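Have a look at model21.cif; it's mmCIF, C-alpha atoms and all ligand atoms:
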data_upload
#
loop_
_atom_site.label_atom_id
_atom_site.label_comp_id
_atom_site.auth_asym_id
_atom_site.auth_seq_id
_atom_site.Cartn_x
_atom_site.Cartn_y
_atom_site.Cartn_z
CA GLY A 224 87.24 128.97 120.14
CA LEU A 225 87.00 126.32 117.48
CA LYS A 226 84.42 123.66 118.31
CA ALA A 227 83.74 122.01 114.97
CA LEU A 228 85.11 121.35 111.51
CA LEU A 229 82.44 120.86 108.87
CA PHE A 230 83.46 118.89 105.81
CA ASP A 231 82.07 118.49 102.35
CA LEU A 232 82.57 114.98 100.93
CA ASP A 233 82.72 114.91 97.11
CA GLY A 234 85.89 116.61 95.95
CA THR A 235 86.99 117.58 99.46
CA LEU A 236 87.60 114.32 101.35
CA ALA A 237 88.17 112.38 98.12
CA GLU A 238 88.00 112.71 94.35
CA THR A 239 84.72 110.87 93.91
CA GLU A 240 83.20 112.67 90.93
CA GLU A 241 84.63 110.33 88.28
CA LEU A 242 82.88 107.43 90.04
CA HIS A 243 79.64 109.44 90.11
CA ARG A 244 80.04 110.28 86.40
CA GLU A 245 80.60 106.63 85.49
CA ALA A 246 77.56 105.59 87.56
CA PHE A 247 75.38 108.21 85.86
CA ASN A 248 76.50 107.08 82.39
CA ARG A 249 75.80 103.42 83.19
CA ALA A 250 72.34 104.39 84.45
CA PHE A 251 71.63 106.33 81.24
CA ALA A 252 72.61 103.28 79.16
CA HIS A 253 70.48 100.98 81.34
CA PHE A 254 67.37 103.14 80.89
CA GLY A 255 68.09 103.91 77.23
CA LEU A 256 68.32 107.64 77.87
CA PRO A 257 70.00 109.71 75.13
CA LEU A 258 72.61 111.12 77.50
CA TYR A 259 76.34 110.62 77.92
CA TRP A 260 78.35 112.90 80.20
CA ASP A 261 81.98 113.40 79.20
CA GLN A 262 84.29 115.33 81.54
CA ASP A 263 83.62 118.77 80.01
CA THR A 264 79.87 118.24 80.11
CA TYR A 265 80.06 116.98 83.69
CA ALA A 266 82.18 119.98 84.77
CA ARG A 267 79.42 122.26 83.52
CA LEU A 268 76.60 120.19 85.02
CA LEU A 269 78.31 120.04 88.44
CA TRP A 270 77.16 123.63 88.96
CA THR A 271 73.79 122.00 89.64
CA THR A 272 74.38 120.10 92.88
CA GLY A 273 72.53 116.89 93.67
CA GLY A 274 72.29 114.00 91.26
CA LYS A 275 68.52 114.16 90.73
CA GLU A 276 68.58 117.91 90.20
CA ARG A 277 71.54 117.55 87.79
CA LEU A 278 69.78 114.85 85.78
CA LYS A 279 66.54 116.83 85.58
CA ARG A 280 68.42 119.86 84.25
CA ALA A 281 70.35 117.79 81.68
CA LEU A 282 67.15 116.23 80.36
CA GLU A 283 65.56 119.67 80.07
CA GLU A 284 68.45 121.07 78.06
CA THR A 285 68.88 118.04 75.76
CA PRO A 286 66.77 118.33 72.59
CA GLY A 287 64.74 115.19 72.03
CA ALA A 288 65.32 113.79 75.54
CA PRO A 289 62.19 112.51 77.29
CA ARG A 290 60.57 114.76 79.88
CA LEU A 291 60.69 112.50 82.93
CA THR A 292 58.55 113.10 85.97
CA TRP A 293 60.36 113.73 89.25
CA GLU A 294 59.52 110.17 90.34
CA GLU A 295 61.07 108.80 87.12
CA VAL A 296 64.14 110.97 87.64
CA ALA A 297 64.35 109.56 91.16
CA GLU A 298 64.11 106.00 89.78
CA VAL A 299 67.02 106.54 87.38
CA HIS A 300 68.92 108.12 90.24
CA ARG A 301 68.27 105.16 92.56
CA TYR A 302 69.79 102.91 89.92
CA LYS A 303 72.74 105.29 89.64
CA THR A 304 73.23 105.11 93.42
CA GLY A 305 73.31 101.30 93.22
CA VAL A 306 75.99 101.42 90.54
CA TYR A 307 77.96 104.03 92.48
CA LEU A 308 77.94 101.89 95.63
CA GLU A 309 79.14 98.90 93.63
CA LEU A 310 81.94 100.95 92.02
CA LEU A 311 82.93 102.29 95.43
CA ARG A 312 83.08 98.77 96.90
CA THR A 313 84.93 97.37 93.90
CA TYR A 314 87.53 100.08 93.35
CA GLY A 315 87.51 101.96 96.63
CA VAL A 316 88.54 105.59 96.76
CA ALA A 317 91.63 107.26 98.20
CA LEU A 318 91.33 110.07 100.70
CA ARG A 319 92.92 113.32 99.55
CA PRO A 320 96.29 114.21 101.11
CA GLY A 321 96.18 115.23 104.77
CA VAL A 322 92.52 114.31 105.28
CA ARG A 323 93.05 111.29 107.51
CA ARG A 324 95.57 113.07 109.69
CA LEU A 325 93.51 116.25 110.05
CA LEU A 326 90.41 114.28 111.06
CA ALA A 327 92.37 112.26 113.60
CA GLU A 328 94.08 115.30 115.11
CA ALA A 329 90.85 117.31 115.26
CA GLN A 330 89.03 114.50 117.04
CA GLU A 331 91.99 114.08 119.39
CA ALA A 332 91.77 117.80 120.21
CA GLY A 333 88.06 117.53 121.02
CA VAL A 334 86.94 119.35 117.88
CA LYS A 335 83.65 117.90 116.60
CA LEU A 336 83.58 116.65 113.01
CA VAL A 337 80.57 117.13 110.77
CA LEU A 338 79.99 115.71 107.31
CA ALA A 339 77.70 117.98 105.29
CA THR A 340 77.26 116.56 101.82
CA THR A 341 74.92 116.90 98.89
CA THR A 342 75.34 113.25 97.97
CA SER A 343 72.89 110.56 99.06
CA PRO A 344 73.12 109.21 102.65
CA GLU A 345 73.89 105.62 101.53
CA ASN A 346 76.85 106.95 99.51
CA ALA A 347 78.14 108.88 102.53
CA GLU A 348 77.78 105.82 104.80
CA ALA A 349 79.54 103.51 102.33
CA PHE A 350 82.32 106.05 101.91
CA LEU A 351 82.88 106.38 105.65
CA GLU A 352 82.89 102.61 106.08
CA GLY A 353 85.19 101.99 103.12
CA THR A 354 87.73 104.56 104.26
CA GLY A 355 87.63 103.55 107.93
CA LEU A 356 86.31 106.96 108.98
CA LYS A 357 82.94 105.82 110.32
CA GLY A 358 83.59 106.61 113.97
CA ARG A 359 85.12 110.03 113.40
CA PHE A 360 82.07 112.13 112.55
CA SER A 361 79.62 113.11 115.26
CA LEU A 362 77.08 114.30 112.71
CA VAL A 363 76.43 113.21 109.12
CA LEU A 364 74.02 115.31 107.06
CA ALA A 365 73.42 114.17 103.48
CA GLY A 366 71.29 114.56 100.38
CA ASP A 367 67.61 115.35 100.82
CA VAL A 368 67.97 116.16 104.54
CA VAL A 369 67.48 119.73 103.28
CA ALA A 370 64.99 120.86 100.64
CA ARG A 371 67.55 123.01 98.81
CA LYS A 372 71.11 121.89 98.14
CA LYS A 373 74.34 123.91 98.03
CA PRO A 374 74.88 126.81 97.32
CA ASP A 375 71.86 127.11 99.62
CA PRO A 376 73.22 127.37 103.18
CA GLY A 377 70.53 124.98 104.53
CA ILE A 378 72.77 122.03 105.29
CA TYR A 379 75.31 124.15 107.19
CA LEU A 380 72.54 125.98 109.06
CA LEU A 381 71.13 122.59 110.06
CA ALA A 382 74.56 121.57 111.38
CA ARG A 383 74.86 124.85 113.29
CA GLU A 384 71.50 124.25 114.91
CA ALA A 385 72.16 120.57 115.69
CA LEU A 386 75.45 121.34 117.43
CA GLY A 387 74.37 124.67 118.89
CA LEU A 388 77.29 126.40 117.21
CA ALA A 389 77.91 130.13 117.05
CA PRO A 390 79.26 131.09 113.59
CA GLY A 391 82.79 131.70 114.93
CA GLU A 392 82.93 128.23 116.48
CA GLY A 393 83.09 126.32 113.22
CA VAL A 394 85.13 126.21 110.03
CA VAL A 395 83.80 124.76 106.78
CA VAL A 396 86.09 122.86 104.40
CA GLU A 397 84.97 122.75 100.76
CA ASP A 398 86.26 122.21 97.23
CA SER A 399 83.72 124.11 95.12
CA ARG A 400 82.28 127.58 94.70
CA ASN A 401 78.81 126.21 95.47
CA GLY A 402 80.12 124.81 98.76
CA LEU A 403 82.02 128.01 99.55
CA LEU A 404 78.87 130.10 99.11
CA ALA A 405 76.82 127.67 101.24
CA GLY A 406 79.31 127.84 104.10
CA LEU A 407 79.67 131.62 103.96
CA GLU A 408 75.92 132.19 103.83
CA ALA A 409 75.60 130.07 106.99
CA GLY A 410 78.08 132.39 108.69
CA PHE A 411 81.20 130.19 108.71
CA PRO A 412 84.67 130.98 107.44
CA VAL A 413 85.51 128.57 104.61
CA LEU A 414 88.78 126.85 103.77
CA VAL A 415 88.86 125.74 100.13
CA THR A 416 90.95 122.92 98.65
CA PRO A 417 90.01 122.87 94.95
CA SER A 418 89.50 119.47 93.33
CA LEU A 419 89.86 118.07 89.82
CA TYR A 420 86.53 119.51 88.71
CA THR A 421 86.75 122.87 90.51
CA LEU A 422 90.33 124.02 89.83
CA ASP A 423 89.32 127.03 87.73
CA GLN A 424 86.46 128.24 89.92
CA ASP A 425 86.44 131.57 91.73
CA PHE A 426 87.27 131.31 95.45
CA ARG A 427 87.99 134.99 96.22
CA GLU A 428 85.75 135.02 99.34
CA ALA A 429 87.50 132.02 100.92
CA GLN A 430 89.18 132.48 104.31
CA ALA A 431 91.97 130.26 103.03
CA LEU A 432 92.78 128.61 99.71
CA LEU A 433 95.13 125.61 99.83
CA PRO A 434 95.97 123.07 97.10
CA HIS A 435 95.29 120.26 99.61
CA LEU A 436 95.25 119.55 103.35
CA GLY A 437 98.56 117.68 103.33
CA ASP A 438 102.04 118.57 104.47
CA ARG A 439 103.33 121.76 102.86
CA ASP A 440 106.86 120.33 102.56
CA ASN A 441 105.63 117.10 101.08
CA PRO A 442 103.18 118.27 98.48
CA ALA A 443 100.73 116.10 96.60
CA PRO A 444 101.21 115.66 92.87
CA VAL A 445 100.04 118.61 90.81
CA LEU A 446 96.35 118.33 90.04
CA GLN A 447 95.46 117.77 86.43
CA GLY A 448 91.79 118.51 86.07
CA PRO A 449 89.59 118.26 83.00
CA ARG A 450 89.38 122.06 82.93
CA ALA A 451 93.08 122.60 83.54
CA GLY A 452 94.09 121.72 80.03
C1 LIG W 501 78.28 116.82 95.25
C2 LIG W 501 77.12 116.62 94.39
C3 LIG W 501 76.52 115.30 94.26
C4 LIG W 501 77.37 114.24 93.60
C5 LIG W 501 76.50 113.05 93.27
O1 LIG W 501 78.36 118.21 95.60
O2 LIG W 501 76.62 117.54 93.82
O3 LIG W 501 75.38 115.44 93.46
O4 LIG W 501 77.92 114.76 92.41
O5 LIG W 501 75.78 112.59 94.36
P1 LIG W 501 79.07 118.70 96.95
P2 LIG W 501 74.23 112.18 94.22
O6 LIG W 501 80.47 118.16 96.94
O7 LIG W 501 79.05 120.19 96.86
O8 LIG W 501 78.27 118.20 98.13
O9 LIG W 501 74.02 111.65 92.84
O10 LIG W 501 74.03 111.12 95.29
O11 LIG W 501 73.40 113.41 94.47
MG MG W 502 82.32 119.10 96.88
#
Could you express the structure from this file as structure tokens?
Amino acid sequence: GLKALLFDLDGTLAETEELHREAFNRAFAHFGLPLYWDQDTYARLLWTTGGKERLKRALEETPGAPRLTWEEVAEVHRYKTGVYLELLRTYGVALRPGVRRLLAEAQEAGVKLVLATTTSPENAEAFLEGTGLKGRFSLVLAGDVVARKKPDPGIYLLAREALGLAPGEGVVVEDSRNGLLAGLEAGFPVLVTPSLYTLDQDFREAQALLPHLGDRDNPAPVLQGPRAG
């Protein structure tokens, strides 16, 4: 039977990417980098998961941008993380519909909850604290805990191993194609709730595709993503 639900954070538990985007742009200004990510640019760059990896790629494809070393990329990214944490504390972030209830009911039913996110561990911790979800998750895996980020299945394989799960004993919940592929490759069925930045992605292999995790009869407002016109 079902023993665990494994959740992505960004886009799945909450719409956090606009805060990330703002934090990146403030970091670029701080370091004088010739980059500014508008929503269309960010939608394209999100295909590269992980902030450091995303920044490295953007620098490589921007004519005239400096070629930073990995350590310099990491330094810009540390600054970005600081800004992100401050934005998160200042503005907070709302959980997507149904998330709080599903987590509570799963825990009540003895189903283990796992957070498996590409974002940095301090971001995940601050998010859990800020939303009052800290005690819910029995395992939090974040950022560089794996060498390769989603769509690589590494983070979900690590969770499987840590909890001693057979593939059929867990369900992954994701919002992006990268996350879907990571979950599938680790052997889990994947439920997808597309987010603002992933609305037009291909989810044909998903076990289930729902607009959100909330009440069917009490739907959330229609999503209006940057790619949805
Ligand atoms: C989320 C990411 C992260 C965030 C930024 O992907 O790719 O990079 O955009 O976080 P997913 P960091 O939802 O698939 O986990 O800058 O801390 O990496
Ligand atoms: Mg996501």
Calculate, to one decimal in Å, the centre and edge lengths of the box along x, y and z of the file that holds all listed atoms of ligand LIG 501 (chain W) with 3 Å of margin on each side, and present them as lines of an AutoDock Vina configuration file.
center_x = 76.9
center_y = 115.7
center_z = 95.3
size_x = 13.1
size_y = 15.1
size_z = 11.7
Would you list the residues that come within 12 Å of ligand MG 502 (chain W)? Count only C-alpha atoms and all ligand atoms and give the answer as number ranges by chain.
A: 230-240, 269-273, 338-342, 372-374, 395-406, 415-422
Applying 10 Å and only C-alpha atoms, which residues near A:Val394 remain after dropping the ones on its own chain fewer than 4 positions away? List them as a PDB file with C-alpha atoms, in the frame of the given file.
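Saved as around.pdb:
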ATOM      1  CA  LEU A 225      87.000 126.320 117.480  1.00  0.00           C
ATOM      2  CA  LYS A 226      84.420 123.660 118.310  1.00  0.00           C
ATOM      3  CA  ALA A 227      83.740 122.010 114.970  1.00  0.00           C
ATOM      4  CA  LEU A 228      85.110 121.350 111.510  1.00  0.00           C
ATOM      5  CA  LEU A 229      82.440 120.860 108.870  1.00  0.00           C
ATOM      6  CA  PHE A 230      83.460 118.890 105.810  1.00  0.00           C
ATOM      7  CA  PRO A 390      79.260 131.090 113.590  1.00  0.00           C
ATOM      8  CA  GLY A 406      79.310 127.840 104.100  1.00  0.00           C
ATOM      9  CA  LEU A 407      79.670 131.620 103.960  1.00  0.00           C
ATOM     10  CA  GLY A 410      78.080 132.390 108.690  1.00  0.00           C
ATOM     11  CA  PHE A 411      81.200 130.190 108.710  1.00  0.00           C
ATOM     12  CA  PRO A 412      84.670 130.980 107.440  1.00  0.00           C
ATOM     13  CA  VAL A 413      85.510 128.570 104.610  1.00  0.00           C
ATOM     14  CA  LEU A 414      88.780 126.850 103.770  1.00  0.00           C
ATOM     15  CA  GLN A 430      89.180 132.480 104.310  1.00  0.00           C
TER      16      GLN A 430
END
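Distance-wise, atom CA of A:Thr292 and atom CA of A:His243 end up 21.8 Å apart.
Rounded to one decimal, atom CA of A:Ala329 and atom O11 of ligand LIG 501 (chain W) lie 27.4 Å from each other.
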Which polymer residues have any atom within 9 Å of an atom of stretch 351-361 of chain A, counting all atoms listed in the file, with same-chain residues fewer than 6 positions away left out, as a PyMOL selection string?
chain A and resi 311-312+315-318+323+326-327+330+335-338
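Atom pair atom CA of A:Tyr307 / atom CA of A:Val322: separated by 21.9 Å.
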From the list A:Thr313, A:Thr285, A:Asn248, A:Asn346, the nearest residue to ligand LIG 501 (chain W) using all atoms listed in the file is A:Asn346
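Each of A:Gly391, A:Gly274, A:Pro286, A:Gly333 was compared to A:Val299 using only C-alpha atoms, and A:Gly274 turns out to be the nearest.
For stretch 254-263 of chain A, the non-local neighbours within 9 Å, defined as residues at least 2 positions apart in the same chain or in other chains and counting all atoms listed in the file, are Glu241, Arg244, Glu245, Phe247, Asn248, Arg249, Ala250, Phe251, Ala252, Tyr265, Ala266, Arg267, Leu268, Ala281, Leu282, Thr285, Gly287, Ala288, Pro289, Val299, Tyr420, Pro449 and Arg450 of chain A.
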Please produce an output containing C-alpha atoms for each residue in the selection, written as a PDB file, in the frame of the given file.
ATOM      1  CA  GLU A 241      84.630 110.330  88.280  1.00  0.00           C
ATOM      2  CA  ARG A 244      80.040 110.280  86.400  1.00  0.00           C
ATOM      3  CA  GLU A 245      80.600 106.630  85.490  1.00  0.00           C
ATOM      4  CA  PHE A 247      75.380 108.210  85.860  1.00  0.00           C
ATOM      5  CA  ASN A 248      76.500 107.080  82.390  1.00  0.00           C
ATOM      6  CA  ARG A 249      75.800 103.420  83.190  1.00  0.00           C
ATOM      7  CA  ALA A 250      72.340 104.390  84.450  1.00  0.00           C
ATOM      8  CA  PHE A 251      71.630 106.330  81.240  1.00  0.00           C
ATOM      9  CA  ALA A 252      72.610 103.280  79.160  1.00  0.00           C
ATOM     10  CA  TYR A 265      80.060 116.980  83.690  1.00  0.00           C
ATOM     11  CA  ALA A 266      82.180 119.980  84.770  1.00  0.00           C
ATOM     12  CA  ARG A 267      79.420 122.260  83.520  1.00  0.00           C
ATOM     13  CA  LEU A 268      76.600 120.190  85.020  1.00  0.00           C
ATOM     14  CA  ALA A 281      70.350 117.790  81.680  1.00  0.00           C
ATOM     15  CA  LEU A 282      67.150 116.230  80.360  1.00  0.00           C
ATOM     16  CA  THR A 285      68.880 118.040  75.760  1.00  0.00           C
ATOM     17  CA  GLY A 287      64.740 115.190  72.030  1.00  0.00           C
ATOM     18  CA  ALA A 288      65.320 113.790  75.540  1.00  0.00           C
ATOM     19  CA  PRO A 289      62.190 112.510  77.290  1.00  0.00           C
ATOM     20  CA  VAL A 299      67.020 106.540  87.380  1.00  0.00           C
ATOM     21  CA  TYR A 420      86.530 119.510  88.710  1.00  0.00           C
ATOM     22  CA  PRO A 449      89.590 118.260  83.000  1.00  0.00           C
ATOM     23  CA  ARG A 450      89.380 122.060  82.930  1.00  0.00           C
TER      24      ARG A 450
END
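Minimum atom-to-atom distance to ligand LIG 501 (chain W), evaluated using all atoms listed in the file, belongs to A:His300 out of A:His300, A:Arg290, A:Arg383, A:His253.
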Please return as an NGL selection string every residue within 8 Å of (71.4, 112.5, 103.2), taking into account only C-alpha atoms and the file's own coordinates.
:A and (340-345 or 347 or 363-368)
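Take the candidates A:Pro320, A:Ala382, A:Gly377, A:Thr264 and check each one against A:Arg439 using only C-alpha atoms; the shortest distance goes to A:Pro320.
Among the candidates A:Gly224, A:Tyr379, A:His435, A:Leu278, the one nearest to A:Glu298 when counting all atoms listed in the file is A:Leu278.
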